[in-house]
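Data block for entry_20.cif (mmCIF, N, CA and C atoms):
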```cif
data_model
#
loop_
_atom_site.label_atom_id
_atom_site.label_comp_id
_atom_site.auth_asym_id
_atom_site.auth_seq_id
_atom_site.Cartn_x
_atom_site.Cartn_y
_atom_site.Cartn_z
N MET T 1 -66.93 308.55 103.84
CA MET T 1 -66.00 308.66 104.93
C MET T 1 -64.69 308.02 104.50
N LYS T 2 -63.63 308.76 104.70
CA LYS T 2 -62.31 308.24 104.37
C LYS T 2 -61.56 307.95 105.67
N TRP T 3 -60.73 306.95 105.63
CA TRP T 3 -59.95 306.59 106.81
C TRP T 3 -58.53 307.14 106.72
N LEU T 4 -58.36 308.21 105.91
CA LEU T 4 -57.05 308.84 105.82
C LEU T 4 -56.66 309.34 107.20
N THR T 5 -55.44 309.10 107.55
CA THR T 5 -55.03 309.44 108.90
C THR T 5 -54.09 310.63 108.93
N PHE T 6 -53.15 310.70 108.03
CA PHE T 6 -52.14 311.74 108.12
C PHE T 6 -52.18 312.71 106.94
N LYS T 7 -53.23 312.68 106.16
CA LYS T 7 -53.38 313.62 105.06
C LYS T 7 -54.53 314.57 105.38
N VAL T 8 -54.36 315.82 105.00
CA VAL T 8 -55.43 316.79 105.20
C VAL T 8 -56.53 316.49 104.20
N GLN T 9 -57.74 316.44 104.69
CA GLN T 9 -58.88 316.18 103.80
C GLN T 9 -59.45 317.51 103.33
N HIS T 10 -59.37 317.73 102.05
CA HIS T 10 -59.86 318.98 101.48
C HIS T 10 -61.30 318.89 101.00
N GLU T 11 -61.86 317.68 100.99
CA GLU T 11 -63.24 317.55 100.56
C GLU T 11 -64.14 318.25 101.56
N LYS T 12 -65.21 318.82 101.05
CA LYS T 12 -66.15 319.52 101.92
C LYS T 12 -67.10 318.53 102.56
N GLY T 13 -67.74 318.97 103.63
CA GLY T 13 -68.72 318.14 104.31
C GLY T 13 -68.16 317.51 105.57
N PHE T 14 -68.93 316.58 106.10
CA PHE T 14 -68.56 315.88 107.33
C PHE T 14 -67.29 315.08 107.12
N ARG T 15 -66.43 315.09 108.14
CA ARG T 15 -65.15 314.38 108.04
C ARG T 15 -64.99 313.47 109.25
N PHE T 16 -64.52 312.26 109.01
CA PHE T 16 -64.24 311.33 110.11
C PHE T 16 -63.18 310.35 109.64
N ASN T 17 -62.14 310.17 110.45
CA ASN T 17 -61.09 309.24 110.06
C ASN T 17 -60.61 308.46 111.27
N LEU T 18 -59.63 307.61 111.05
CA LEU T 18 -59.13 306.73 112.09
C LEU T 18 -58.54 307.52 113.27
N THR T 19 -57.86 308.61 112.99
CA THR T 19 -57.31 309.44 114.05
C THR T 19 -58.42 309.99 114.94
N ASP T 20 -59.50 310.43 114.33
CA ASP T 20 -60.63 310.93 115.10
C ASP T 20 -61.20 309.84 116.00
N LEU T 21 -61.35 308.65 115.46
CA LEU T 21 -61.88 307.53 116.24
C LEU T 21 -60.97 307.20 117.42
N ILE T 22 -59.67 307.16 117.18
CA ILE T 22 -58.72 306.88 118.26
C ILE T 22 -58.78 307.96 119.33
N PHE T 23 -58.85 309.22 118.91
CA PHE T 23 -58.93 310.34 119.85
C PHE T 23 -60.20 310.25 120.69
N ILE T 24 -61.32 309.94 120.06
CA ILE T 24 -62.59 309.81 120.78
C ILE T 24 -62.53 308.66 121.78
N LEU T 25 -61.99 307.54 121.36
CA LEU T 25 -61.87 306.39 122.27
C LEU T 25 -60.93 306.69 123.43
N PHE T 26 -59.84 307.40 123.16
CA PHE T 26 -58.92 307.80 124.22
C PHE T 26 -59.61 308.69 125.24
N LEU T 27 -60.35 309.70 124.77
CA LEU T 27 -61.02 310.61 125.70
C LEU T 27 -62.17 309.92 126.43
N ALA T 28 -62.84 308.98 125.79
CA ALA T 28 -63.87 308.21 126.49
C ALA T 28 -63.25 307.39 127.61
N GLY T 29 -62.10 306.79 127.33
CA GLY T 29 -61.38 306.06 128.38
C GLY T 29 -60.93 306.97 129.50
N LEU T 30 -60.46 308.17 129.15
CA LEU T 30 -60.05 309.14 130.16
C LEU T 30 -61.23 309.54 131.04
N CYS T 31 -62.39 309.75 130.43
CA CYS T 31 -63.60 310.07 131.20
C CYS T 31 -63.93 308.94 132.16
N ALA T 32 -63.81 307.71 131.70
CA ALA T 32 -64.11 306.54 132.55
C ALA T 32 -63.13 306.45 133.71
N VAL T 33 -61.85 306.67 133.44
CA VAL T 33 -60.84 306.61 134.50
C VAL T 33 -61.09 307.71 135.54
N ILE T 34 -61.40 308.91 135.08
CA ILE T 34 -61.68 310.00 136.01
C ILE T 34 -62.91 309.67 136.84
N GLN T 35 -63.94 309.13 136.20
CA GLN T 35 -65.16 308.78 136.93
C GLN T 35 -64.88 307.70 137.98
N LEU T 36 -64.07 306.72 137.63
CA LEU T 36 -63.76 305.64 138.57
C LEU T 36 -62.89 306.10 139.73
N THR T 37 -62.08 307.13 139.51
CA THR T 37 -61.20 307.60 140.59
C THR T 37 -61.81 308.73 141.40
N VAL T 38 -62.48 309.66 140.74
CA VAL T 38 -63.02 310.84 141.43
C VAL T 38 -64.47 310.64 141.85
N HIS T 39 -65.20 309.83 141.12
CA HIS T 39 -66.62 309.55 141.39
C HIS T 39 -67.48 310.81 141.32
N ASP T 40 -67.17 311.67 140.37
CA ASP T 40 -67.95 312.90 140.18
C ASP T 40 -68.16 313.10 138.69
N PHE T 41 -69.38 312.90 138.24
CA PHE T 41 -69.69 313.01 136.82
C PHE T 41 -69.38 314.40 136.28
N ARG T 42 -69.54 315.42 137.12
CA ARG T 42 -69.29 316.79 136.67
C ARG T 42 -67.84 316.99 136.26
N ILE T 43 -66.92 316.31 136.92
CA ILE T 43 -65.51 316.42 136.58
C ILE T 43 -65.16 315.47 135.43
N SER T 44 -65.69 314.27 135.46
CA SER T 44 -65.33 313.29 134.44
C SER T 44 -65.88 313.65 133.06
N PHE T 45 -66.85 314.55 132.97
CA PHE T 45 -67.40 314.93 131.67
C PHE T 45 -66.58 316.02 130.98
N ILE T 46 -65.62 316.63 131.68
CA ILE T 46 -64.83 317.72 131.09
C ILE T 46 -64.08 317.27 129.83
N PRO T 47 -63.36 316.12 129.84
CA PRO T 47 -62.71 315.69 128.59
C PRO T 47 -63.72 315.43 127.46
N ALA T 48 -64.90 314.93 127.80
CA ALA T 48 -65.92 314.69 126.77
C ALA T 48 -66.42 316.01 126.19
N TYR T 49 -66.59 317.01 127.03
CA TYR T 49 -67.01 318.34 126.55
C TYR T 49 -65.96 318.90 125.60
N LEU T 50 -64.70 318.78 125.96
CA LEU T 50 -63.62 319.27 125.11
C LEU T 50 -63.61 318.51 123.78
N ALA T 51 -63.74 317.19 123.84
CA ALA T 51 -63.72 316.38 122.62
C ALA T 51 -64.91 316.70 121.72
N LEU T 52 -66.09 316.82 122.30
CA LEU T 52 -67.27 317.13 121.49
C LEU T 52 -67.15 318.51 120.83
N SER T 53 -66.59 319.46 121.56
CA SER T 53 -66.42 320.80 120.99
C SER T 53 -65.46 320.77 119.81
N PHE T 54 -64.32 320.12 119.97
CA PHE T 54 -63.38 320.05 118.86
C PHE T 54 -63.90 319.19 117.72
N PHE T 55 -64.67 318.16 118.02
CA PHE T 55 -65.26 317.36 116.95
C PHE T 55 -66.21 318.22 116.12
N MET T 56 -66.97 319.08 116.80
CA MET T 56 -67.86 319.99 116.06
C MET T 56 -67.05 320.96 115.20
N PHE T 57 -65.99 321.51 115.78
CA PHE T 57 -65.16 322.48 115.05
C PHE T 57 -64.45 321.84 113.86
N CYS T 58 -63.84 320.69 114.07
CA CYS T 58 -62.96 320.10 113.07
C CYS T 58 -63.68 319.20 112.07
N ASN T 59 -64.72 318.50 112.50
CA ASN T 59 -65.31 317.48 111.66
C ASN T 59 -66.70 317.81 111.15
N ILE T 60 -67.46 318.55 111.90
CA ILE T 60 -68.84 318.82 111.49
C ILE T 60 -68.94 320.17 110.79
N PHE T 61 -68.52 321.24 111.45
CA PHE T 61 -68.67 322.58 110.88
C PHE T 61 -67.40 323.08 110.20
N ARG T 62 -66.27 322.41 110.44
CA ARG T 62 -65.00 322.67 109.75
C ARG T 62 -64.61 324.15 109.80
N ILE T 63 -64.48 324.71 111.01
CA ILE T 63 -64.20 326.15 111.12
C ILE T 63 -62.73 326.49 110.92
N GLY T 64 -61.83 325.57 111.11
CA GLY T 64 -60.41 325.84 110.88
C GLY T 64 -59.68 326.24 112.15
N ASN T 65 -58.38 326.04 112.12
CA ASN T 65 -57.55 326.27 113.30
C ASN T 65 -57.48 327.74 113.71
N LYS T 66 -57.53 328.64 112.76
CA LYS T 66 -57.41 330.06 113.09
C LYS T 66 -58.56 330.55 113.95
N LEU T 67 -59.74 330.01 113.75
CA LEU T 67 -60.89 330.41 114.57
C LEU T 67 -60.96 329.64 115.88
N GLU T 68 -60.45 328.42 115.90
CA GLU T 68 -60.52 327.60 117.11
C GLU T 68 -59.83 328.26 118.30
N VAL T 69 -58.78 329.02 118.03
CA VAL T 69 -58.02 329.65 119.11
C VAL T 69 -58.91 330.58 119.94
N PHE T 70 -59.92 331.16 119.33
CA PHE T 70 -60.82 332.07 120.05
C PHE T 70 -61.75 331.32 121.00
N TRP T 71 -61.79 330.00 120.86
CA TRP T 71 -62.56 329.20 121.82
C TRP T 71 -61.65 328.52 122.82
N TYR T 72 -60.54 327.93 122.36
CA TYR T 72 -59.76 327.13 123.31
C TYR T 72 -58.95 327.97 124.29
N LEU T 73 -58.60 329.20 123.96
CA LEU T 73 -57.94 330.05 124.97
C LEU T 73 -58.88 330.39 126.13
N PRO T 74 -60.12 330.82 125.87
CA PRO T 74 -61.04 331.00 127.00
C PRO T 74 -61.32 329.69 127.75
N PHE T 75 -61.34 328.56 127.04
CA PHE T 75 -61.54 327.28 127.71
C PHE T 75 -60.42 327.01 128.71
N VAL T 76 -59.19 327.23 128.30
CA VAL T 76 -58.05 327.01 129.19
C VAL T 76 -58.12 327.95 130.39
N MET T 77 -58.50 329.20 130.15
CA MET T 77 -58.61 330.16 131.25
C MET T 77 -59.72 329.76 132.23
N VAL T 78 -60.86 329.33 131.71
CA VAL T 78 -61.95 328.88 132.58
C VAL T 78 -61.52 327.65 133.38
N CYS T 79 -60.86 326.71 132.72
CA CYS T 79 -60.37 325.52 133.42
C CYS T 79 -59.39 325.89 134.51
N ALA T 80 -58.43 326.73 134.17
CA ALA T 80 -57.41 327.10 135.15
C ALA T 80 -58.04 327.81 136.35
N TYR T 81 -58.96 328.70 136.08
CA TYR T 81 -59.59 329.46 137.17
C TYR T 81 -60.45 328.57 138.05
N CYS T 82 -61.29 327.77 137.45
CA CYS T 82 -62.27 326.98 138.21
C CYS T 82 -61.67 325.73 138.83
N LEU T 83 -60.80 325.07 138.12
CA LEU T 83 -60.25 323.83 138.65
C LEU T 83 -59.16 324.09 139.69
N HIS T 84 -58.57 325.28 139.65
CA HIS T 84 -57.60 325.64 140.68
C HIS T 84 -58.28 325.66 142.06
N ASP T 85 -59.49 326.20 142.11
CA ASP T 85 -60.25 326.25 143.36
C ASP T 85 -61.20 325.06 143.50
N LEU T 86 -61.14 324.14 142.53
CA LEU T 86 -62.04 322.98 142.49
C LEU T 86 -63.51 323.39 142.59
N ASN T 87 -63.84 324.47 141.89
CA ASN T 87 -65.21 324.95 141.84
C ASN T 87 -65.84 324.46 140.54
N ILE T 88 -66.27 323.22 140.52
CA ILE T 88 -66.76 322.60 139.30
C ILE T 88 -68.11 323.16 138.87
N ASN T 89 -68.92 323.59 139.81
CA ASN T 89 -70.20 324.19 139.44
C ASN T 89 -69.99 325.51 138.70
N LEU T 90 -69.01 326.31 139.14
CA LEU T 90 -68.69 327.55 138.44
C LEU T 90 -68.15 327.25 137.05
N PHE T 91 -67.37 326.18 136.92
CA PHE T 91 -66.85 325.79 135.61
C PHE T 91 -67.98 325.58 134.61
N TRP T 92 -68.98 324.78 134.99
CA TRP T 92 -70.07 324.50 134.06
C TRP T 92 -70.93 325.72 133.81
N LEU T 93 -71.07 326.58 134.80
CA LEU T 93 -71.81 327.83 134.59
C LEU T 93 -71.08 328.71 133.58
N LEU T 94 -69.76 328.84 133.72
CA LEU T 94 -69.00 329.64 132.77
C LEU T 94 -68.97 329.01 131.38
N CYS T 95 -68.99 327.68 131.31
CA CYS T 95 -69.10 327.02 130.01
C CYS T 95 -70.39 327.42 129.32
N LEU T 96 -71.45 327.42 130.09
CA LEU T 96 -72.76 327.76 129.53
C LEU T 96 -72.85 329.24 129.15
N LEU T 97 -72.31 330.11 129.99
CA LEU T 97 -72.46 331.55 129.76
C LEU T 97 -71.39 332.16 128.86
N ILE T 98 -70.21 331.55 128.78
CA ILE T 98 -69.12 332.13 128.01
C ILE T 98 -68.71 331.25 126.83
N LEU T 99 -68.38 330.00 127.12
CA LEU T 99 -67.80 329.15 126.08
C LEU T 99 -68.80 328.73 125.01
N GLU T 100 -70.01 328.40 125.40
CA GLU T 100 -71.01 328.00 124.40
C GLU T 100 -71.38 329.16 123.47
N PRO T 101 -71.62 330.38 123.98
CA PRO T 101 -71.87 331.47 123.04
C PRO T 101 -70.69 331.72 122.09
N ILE T 102 -69.46 331.65 122.61
CA ILE T 102 -68.30 331.82 121.75
C ILE T 102 -68.28 330.75 120.66
N LYS T 103 -68.56 329.51 121.05
CA LYS T 103 -68.55 328.40 120.09
C LYS T 103 -69.54 328.66 118.95
N TRP T 104 -70.76 329.05 119.29
CA TRP T 104 -71.77 329.24 118.25
C TRP T 104 -71.57 330.52 117.46
N ILE T 105 -70.95 331.52 118.06
CA ILE T 105 -70.58 332.73 117.31
C ILE T 105 -69.52 332.38 116.27
N LEU T 106 -68.53 331.58 116.64
CA LEU T 106 -67.49 331.17 115.70
C LEU T 106 -68.06 330.32 114.56
N ILE T 107 -68.96 329.42 114.87
CA ILE T 107 -69.58 328.59 113.83
C ILE T 107 -70.39 329.46 112.89
N THR T 108 -71.14 330.39 113.44
CA THR T 108 -71.94 331.30 112.60
C THR T 108 -71.04 332.19 111.75
N TYR T 109 -69.98 332.72 112.34
CA TYR T 109 -69.04 333.54 111.58
C TYR T 109 -68.42 332.75 110.44
N ASN T 110 -68.02 331.52 110.70
CA ASN T 110 -67.43 330.68 109.67
C ASN T 110 -68.43 330.45 108.53
N TYR T 111 -69.67 330.25 108.88
CA TYR T 111 -70.70 330.04 107.86
C TYR T 111 -70.90 331.30 107.02
N LEU T 112 -70.93 332.47 107.67
CA LEU T 112 -71.23 333.71 106.96
C LEU T 112 -70.05 334.23 106.15
N LYS T 113 -68.83 334.01 106.61
CA LYS T 113 -67.67 334.57 105.91
C LYS T 113 -67.41 333.86 104.59
N GLY T 114 -67.78 332.58 104.51
CA GLY T 114 -67.61 331.82 103.29
C GLY T 114 -66.14 331.59 102.95
N PRO T 115 -65.80 330.68 102.10
CA PRO T 115 -66.68 329.62 101.64
C PRO T 115 -66.86 328.57 102.74
N TYR T 116 -68.09 328.18 102.94
CA TYR T 116 -68.43 327.21 103.98
C TYR T 116 -68.09 325.81 103.49
N ALA T 117 -67.43 325.02 104.34
CA ALA T 117 -67.01 323.67 103.95
C ALA T 117 -67.56 322.60 104.87
N GLY T 118 -68.40 322.97 105.82
CA GLY T 118 -68.88 322.00 106.80
C GLY T 118 -70.04 321.17 106.30
N ILE T 119 -70.70 320.54 107.25
CA ILE T 119 -71.81 319.65 106.96
C ILE T 119 -72.93 320.41 106.24
N SER T 120 -73.58 319.75 105.33
CA SER T 120 -74.69 320.32 104.54
C SER T 120 -74.25 321.48 103.68
N PHE T 121 -72.98 321.53 103.29
CA PHE T 121 -72.49 322.65 102.49
C PHE T 121 -73.20 322.74 101.14
N GLN T 122 -73.58 321.60 100.57
CA GLN T 122 -74.24 321.63 99.26
C GLN T 122 -75.60 322.30 99.33
N ARG T 123 -76.38 321.94 100.34
CA ARG T 123 -77.71 322.53 100.50
C ARG T 123 -77.61 324.01 100.84
N ILE T 124 -76.64 324.38 101.65
CA ILE T 124 -76.49 325.77 102.05
C ILE T 124 -76.05 326.61 100.88
N LEU T 125 -75.09 326.12 100.10
CA LEU T 125 -74.61 326.87 98.93
C LEU T 125 -75.70 327.01 97.88
N LYS T 126 -76.56 326.01 97.75
CA LYS T 126 -77.65 326.06 96.78
C LYS T 126 -78.66 327.14 97.16
N ASN T 127 -78.87 327.36 98.45
CA ASN T 127 -79.85 328.34 98.92
C ASN T 127 -79.31 329.75 98.97
N ARG T 128 -78.03 329.94 98.73
CA ARG T 128 -77.46 331.30 98.78
C ARG T 128 -77.70 332.03 97.50
#
```
Mind turning this structure into structure tokens?
Amino acid sequence: MKWLTFKVQHEKGFRFNLTDLIFILFLAGLCAVIQLTVHDFRISFIPAYLALSFFMFCNIFRIGNKLEVFWYLPFVMVCAYCLHDLNINLFWLLCLLILEPIKWILITYNYLKGPYAGISFQRILKNR
């Protein structure tokens, strides 16, 4: 693990740096503030869901920015639609039915298109 903060890490595999840690701590604090003010776990978990999704994309599976757009645009649309009417149950249903399949399709596509640079890349490349 390198603590490089402002340099792009070209090494393959899992990535974690100081910027990632700060971002995670910021979003954890945001979740706590939302929970303390709104008192609804379903709403306060939204920043954590966003952070975990991007952590998977950027640090674990390393899919790249060009593919991320196919997930975060539907995420913004689902948020705008559901949070406008404050229908939080519909938000989580759409996350499960739309956003999660898109996420795993993108991860699978990234793996299949090659060259794969995410976690366990050595074992995966050896088995190909």
With distances taken over only C-alpha atoms, which residue among T:Phe45, T:Leu106, T:Asn17, T:Leu30 lies nearest Lys66 (chain T)?
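Of T:Phe45, T:Leu106, T:Asn17, T:Leu30, the one nearest Lys66 (chain T) is T:Leu106, counting only C-alpha atoms.
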Which residues, named as in the file, does the PyMOL selection byres (((chain T and resi 13 and name CA) around 9) and name CA) pick out? Answer as number ranges by chain.
T: 11-12, 14-15, 59-62, 117-122
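Computed from the coordinates, the atom N of Tyr111 (chain T) to atom N of Leu73 (chain T) distance equals 18.7 Å.
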Rounded to one decimal in Å, what is the spacing between atom C of Cys58 (chain T) and atom C of Pro115 (chain T)?
13.6 Å
The PyMOL selection byres (((chain T and resi 23 and name CA) around 12) and name CA) applied to the shown file, residues as a VMD selection string
chain T and resid 5 16 to 22 24 to 30 47 to 48 50 to 52 54 to 55
I need every residue sitting at most 8 Å from the point (-63.3, 332.7, 129.5) (coordinates as in the file, only N, CA and C atoms considered), written as a ChimeraX atom specification.
/T:73-79,94-95,98-99
All helix (DSSP H, G or I) positions in region 3-103 of chain T, as JSON, numbers by chain:
{"T": [18, 19, 20, 21, 22, 23, 24, 25, 26, 27, 28, 29, 30, 31, 32, 33, 34, 35, 36, 37, 38, 41, 42, 43, 44, 46, 47, 48, 49, 50, 51, 52, 53, 54, 55, 56, 57, 58, 59, 60, 65, 66, 67, 68, 69, 70, 71, 72, 73, 74, 75, 76, 77, 78, 79, 80, 81, 82, 83, 84, 88, 89, 90, 91, 92, 93, 94, 95, 96, 97, 98, 99, 100, 101, 102, 103]}
Suppose you want the space between atom N of Ile46 (chain T) and CA of Gly64 (chain T); what is it in Å?
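That distance, rounded to one decimal, is 23.3 Å.
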Selection result for the PyMOL selection byres (((chain T and resi 107 and name CA) around 9) and name CA) on this file, as JSON, numbers by chain
{"T": [57, 61, 62, 63, 67, 102, 103, 104, 105, 106, 108, 109, 110, 111, 112]}
With N, CA and C atoms kept, could you save the residues just selected as a short mmCIF file (atom, residue, chain, number, x, y, z; two decimals), in the coordinates of the input?
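Okay, this is what ended up in selection-v2.cif:
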```
data_model
loop_
_atom_site.label_atom_id
_atom_site.label_comp_id
_atom_site.auth_asym_id
_atom_site.auth_seq_id
_atom_site.Cartn_x
_atom_site.Cartn_y
_atom_site.Cartn_z
N PHE T 57 -65.99 321.51 115.78
CA PHE T 57 -65.16 322.48 115.05
C PHE T 57 -64.45 321.84 113.86
N PHE T 61 -68.52 321.24 111.45
CA PHE T 61 -68.67 322.58 110.88
C PHE T 61 -67.40 323.08 110.20
N ARG T 62 -66.27 322.41 110.44
CA ARG T 62 -65.00 322.67 109.75
C ARG T 62 -64.61 324.15 109.80
N ILE T 63 -64.48 324.71 111.01
CA ILE T 63 -64.20 326.15 111.12
C ILE T 63 -62.73 326.49 110.92
N LEU T 67 -59.74 330.01 113.75
CA LEU T 67 -60.89 330.41 114.57
C LEU T 67 -60.96 329.64 115.88
N ILE T 102 -69.46 331.65 122.61
CA ILE T 102 -68.30 331.82 121.75
C ILE T 102 -68.28 330.75 120.66
N LYS T 103 -68.56 329.51 121.05
CA LYS T 103 -68.55 328.40 120.09
C LYS T 103 -69.54 328.66 118.95
N TRP T 104 -70.76 329.05 119.29
CA TRP T 104 -71.77 329.24 118.25
C TRP T 104 -71.57 330.52 117.46
N ILE T 105 -70.95 331.52 118.06
CA ILE T 105 -70.58 332.73 117.31
C ILE T 105 -69.52 332.38 116.27
N LEU T 106 -68.53 331.58 116.64
CA LEU T 106 -67.49 331.17 115.70
C LEU T 106 -68.06 330.32 114.56
N THR T 108 -71.14 330.39 113.44
CA THR T 108 -71.94 331.30 112.60
C THR T 108 -71.04 332.19 111.75
N TYR T 109 -69.98 332.72 112.34
CA TYR T 109 -69.04 333.54 111.58
C TYR T 109 -68.42 332.75 110.44
N ASN T 110 -68.02 331.52 110.70
CA ASN T 110 -67.43 330.68 109.67
C ASN T 110 -68.43 330.45 108.53
N TYR T 111 -69.67 330.25 108.88
CA TYR T 111 -70.70 330.04 107.86
C TYR T 111 -70.90 331.30 107.02
N LEU T 112 -70.93 332.47 107.67
CA LEU T 112 -71.23 333.71 106.96
C LEU T 112 -70.05 334.23 106.15
#
```
Would you please take region 20-40 of chain T of the structure in the block above and write N, CA, C and O atoms to a file as a PDB file, in the first residue's frame?
```pdb
ATOM      1  N   ASP T  20      -7.891   8.451  -0.214  1.00  0.00           N
ATOM      2  CA  ASP T  20      -8.998   7.510  -0.030  1.00  0.00           C
ATOM      3  C   ASP T  20      -9.435   7.473   1.436  1.00  0.00           C
ATOM      4  O   ASP T  20     -10.628   7.478   1.730  1.00  0.00           O
ATOM      5  N   LEU T  21      -8.474   7.429   2.332  1.00  0.00           N
ATOM      6  CA  LEU T  21      -8.789   7.399   3.757  1.00  0.00           C
ATOM      7  C   LEU T  21      -9.531   8.663   4.191  1.00  0.00           C
ATOM      8  O   LEU T  21     -10.535   8.592   4.898  1.00  0.00           O
ATOM      9  N   ILE T  22      -9.063   9.811   3.736  1.00  0.00           N
ATOM     10  CA  ILE T  22      -9.726  11.074   4.077  1.00  0.00           C
ATOM     11  C   ILE T  22     -11.142  11.104   3.522  1.00  0.00           C
ATOM     12  O   ILE T  22     -12.083  11.525   4.198  1.00  0.00           O
ATOM     13  N   PHE T  23     -11.320  10.649   2.286  1.00  0.00           N
ATOM     14  CA  PHE T  23     -12.646  10.620   1.666  1.00  0.00           C
ATOM     15  C   PHE T  23     -13.587   9.697   2.438  1.00  0.00           C
ATOM     16  O   PHE T  23     -14.743  10.038   2.696  1.00  0.00           O
ATOM     17  N   ILE T  24     -13.094   8.537   2.832  1.00  0.00           N
ATOM     18  CA  ILE T  24     -13.913   7.586   3.594  1.00  0.00           C
ATOM     19  C   ILE T  24     -14.298   8.180   4.948  1.00  0.00           C
ATOM     20  O   ILE T  24     -15.455   8.078   5.366  1.00  0.00           O
ATOM     21  N   LEU T  25     -13.355   8.797   5.622  1.00  0.00           N
ATOM     22  CA  LEU T  25     -13.655   9.413   6.918  1.00  0.00           C
ATOM     23  C   LEU T  25     -14.638  10.568   6.776  1.00  0.00           C
ATOM     24  O   LEU T  25     -15.533  10.737   7.607  1.00  0.00           O
ATOM     25  N   PHE T  26     -14.500  11.355   5.717  1.00  0.00           N
ATOM     26  CA  PHE T  26     -15.441  12.445   5.464  1.00  0.00           C
ATOM     27  C   PHE T  26     -16.852  11.908   5.255  1.00  0.00           C
ATOM     28  O   PHE T  26     -17.821  12.410   5.837  1.00  0.00           O
ATOM     29  N   LEU T  27     -16.998  10.871   4.431  1.00  0.00           N
ATOM     30  CA  LEU T  27     -18.326  10.325   4.167  1.00  0.00           C
ATOM     31  C   LEU T  27     -18.893   9.610   5.392  1.00  0.00           C
ATOM     32  O   LEU T  27     -20.109   9.645   5.609  1.00  0.00           O
ATOM     33  N   ALA T  28     -18.052   9.002   6.205  1.00  0.00           N
ATOM     34  CA  ALA T  28     -18.533   8.405   7.456  1.00  0.00           C
ATOM     35  C   ALA T  28     -19.064   9.489   8.384  1.00  0.00           C
ATOM     36  O   ALA T  28     -20.110   9.325   9.022  1.00  0.00           O
ATOM     37  N   GLY T  29     -18.355  10.601   8.448  1.00  0.00           N
ATOM     38  CA  GLY T  29     -18.837  11.731   9.241  1.00  0.00           C
ATOM     39  C   GLY T  29     -20.134  12.294   8.701  1.00  0.00           C
ATOM     40  O   GLY T  29     -21.046  12.637   9.467  1.00  0.00           O
ATOM     41  N   LEU T  30     -20.243  12.376   7.375  1.00  0.00           N
ATOM     42  CA  LEU T  30     -21.481  12.848   6.756  1.00  0.00           C
ATOM     43  C   LEU T  30     -22.645  11.921   7.085  1.00  0.00           C
ATOM     44  O   LEU T  30     -23.744  12.382   7.405  1.00  0.00           O
ATOM     45  N   CYS T  31     -22.405  10.617   7.038  1.00  0.00           N
ATOM     46  CA  CYS T  31     -23.451   9.647   7.414  1.00  0.00           C
ATOM     47  C   CYS T  31     -23.881   9.864   8.858  1.00  0.00           C
ATOM     48  O   CYS T  31     -25.076   9.823   9.168  1.00  0.00           O
ATOM     49  N   ALA T  32     -22.921  10.095   9.736  1.00  0.00           N
ATOM     50  CA  ALA T  32     -23.237  10.312  11.158  1.00  0.00           C
ATOM     51  C   ALA T  32     -24.042  11.585  11.356  1.00  0.00           C
ATOM     52  O   ALA T  32     -25.023  11.595  12.117  1.00  0.00           O
ATOM     53  N   VAL T  33     -23.668  12.657  10.665  1.00  0.00           N
ATOM     54  CA  VAL T  33     -24.398  13.919  10.784  1.00  0.00           C
ATOM     55  C   VAL T  33     -25.828  13.759  10.268  1.00  0.00           C
ATOM     56  O   VAL T  33     -26.783  14.230  10.896  1.00  0.00           O
ATOM     57  N   ILE T  34     -25.988  13.085   9.139  1.00  0.00           N
ATOM     58  CA  ILE T  34     -27.332  12.862   8.599  1.00  0.00           C
ATOM     59  C   ILE T  34     -28.153  12.027   9.571  1.00  0.00           C
ATOM     60  O   ILE T  34     -29.329  12.319   9.822  1.00  0.00           O
ATOM     61  N   GLN T  35     -27.540  10.997  10.137  1.00  0.00           N
ATOM     62  CA  GLN T  35     -28.260  10.144  11.090  1.00  0.00           C
ATOM     63  C   GLN T  35     -28.685  10.938  12.323  1.00  0.00           C
ATOM     64  O   GLN T  35     -29.793  10.790  12.818  1.00  0.00           O
ATOM     65  N   LEU T  36     -27.808  11.797  12.811  1.00  0.00           N
ATOM     66  CA  LEU T  36     -28.128  12.592  14.005  1.00  0.00           C
ATOM     67  C   LEU T  36     -29.197  13.647  13.741  1.00  0.00           C
ATOM     68  O   LEU T  36     -29.940  14.013  14.650  1.00  0.00           O
ATOM     69  N   THR T  37     -29.290  14.124  12.505  1.00  0.00           N
ATOM     70  CA  THR T  37     -30.280  15.162  12.205  1.00  0.00           C
ATOM     71  C   THR T  37     -31.593  14.598  11.688  1.00  0.00           C
ATOM     72  O   THR T  37     -32.659  15.078  12.052  1.00  0.00           O
ATOM     73  N   VAL T  38     -31.530  13.577  10.843  1.00  0.00           N
ATOM     74  CA  VAL T  38     -32.739  13.036  10.218  1.00  0.00           C
ATOM     75  C   VAL T  38     -33.294  11.847  10.994  1.00  0.00           C
ATOM     76  O   VAL T  38     -34.496  11.585  10.954  1.00  0.00           O
ATOM     77  N   HIS T  39     -32.435  11.115  11.676  1.00  0.00           N
ATOM     78  CA  HIS T  39     -32.815   9.935  12.457  1.00  0.00           C
ATOM     79  C   HIS T  39     -33.445   8.845  11.594  1.00  0.00           C
ATOM     80  O   HIS T  39     -34.387   8.185  12.007  1.00  0.00           O
ATOM     81  N   ASP T  40     -32.910   8.678  10.397  1.00  0.00           N
ATOM     82  CA  ASP T  40     -33.407   7.630   9.495  1.00  0.00           C
ATOM     83  C   ASP T  40     -32.207   6.960   8.844  1.00  0.00           C
ATOM     84  O   ASP T  40     -31.522   7.558   8.011  1.00  0.00           O
TER      85      ASP T  40
END
```
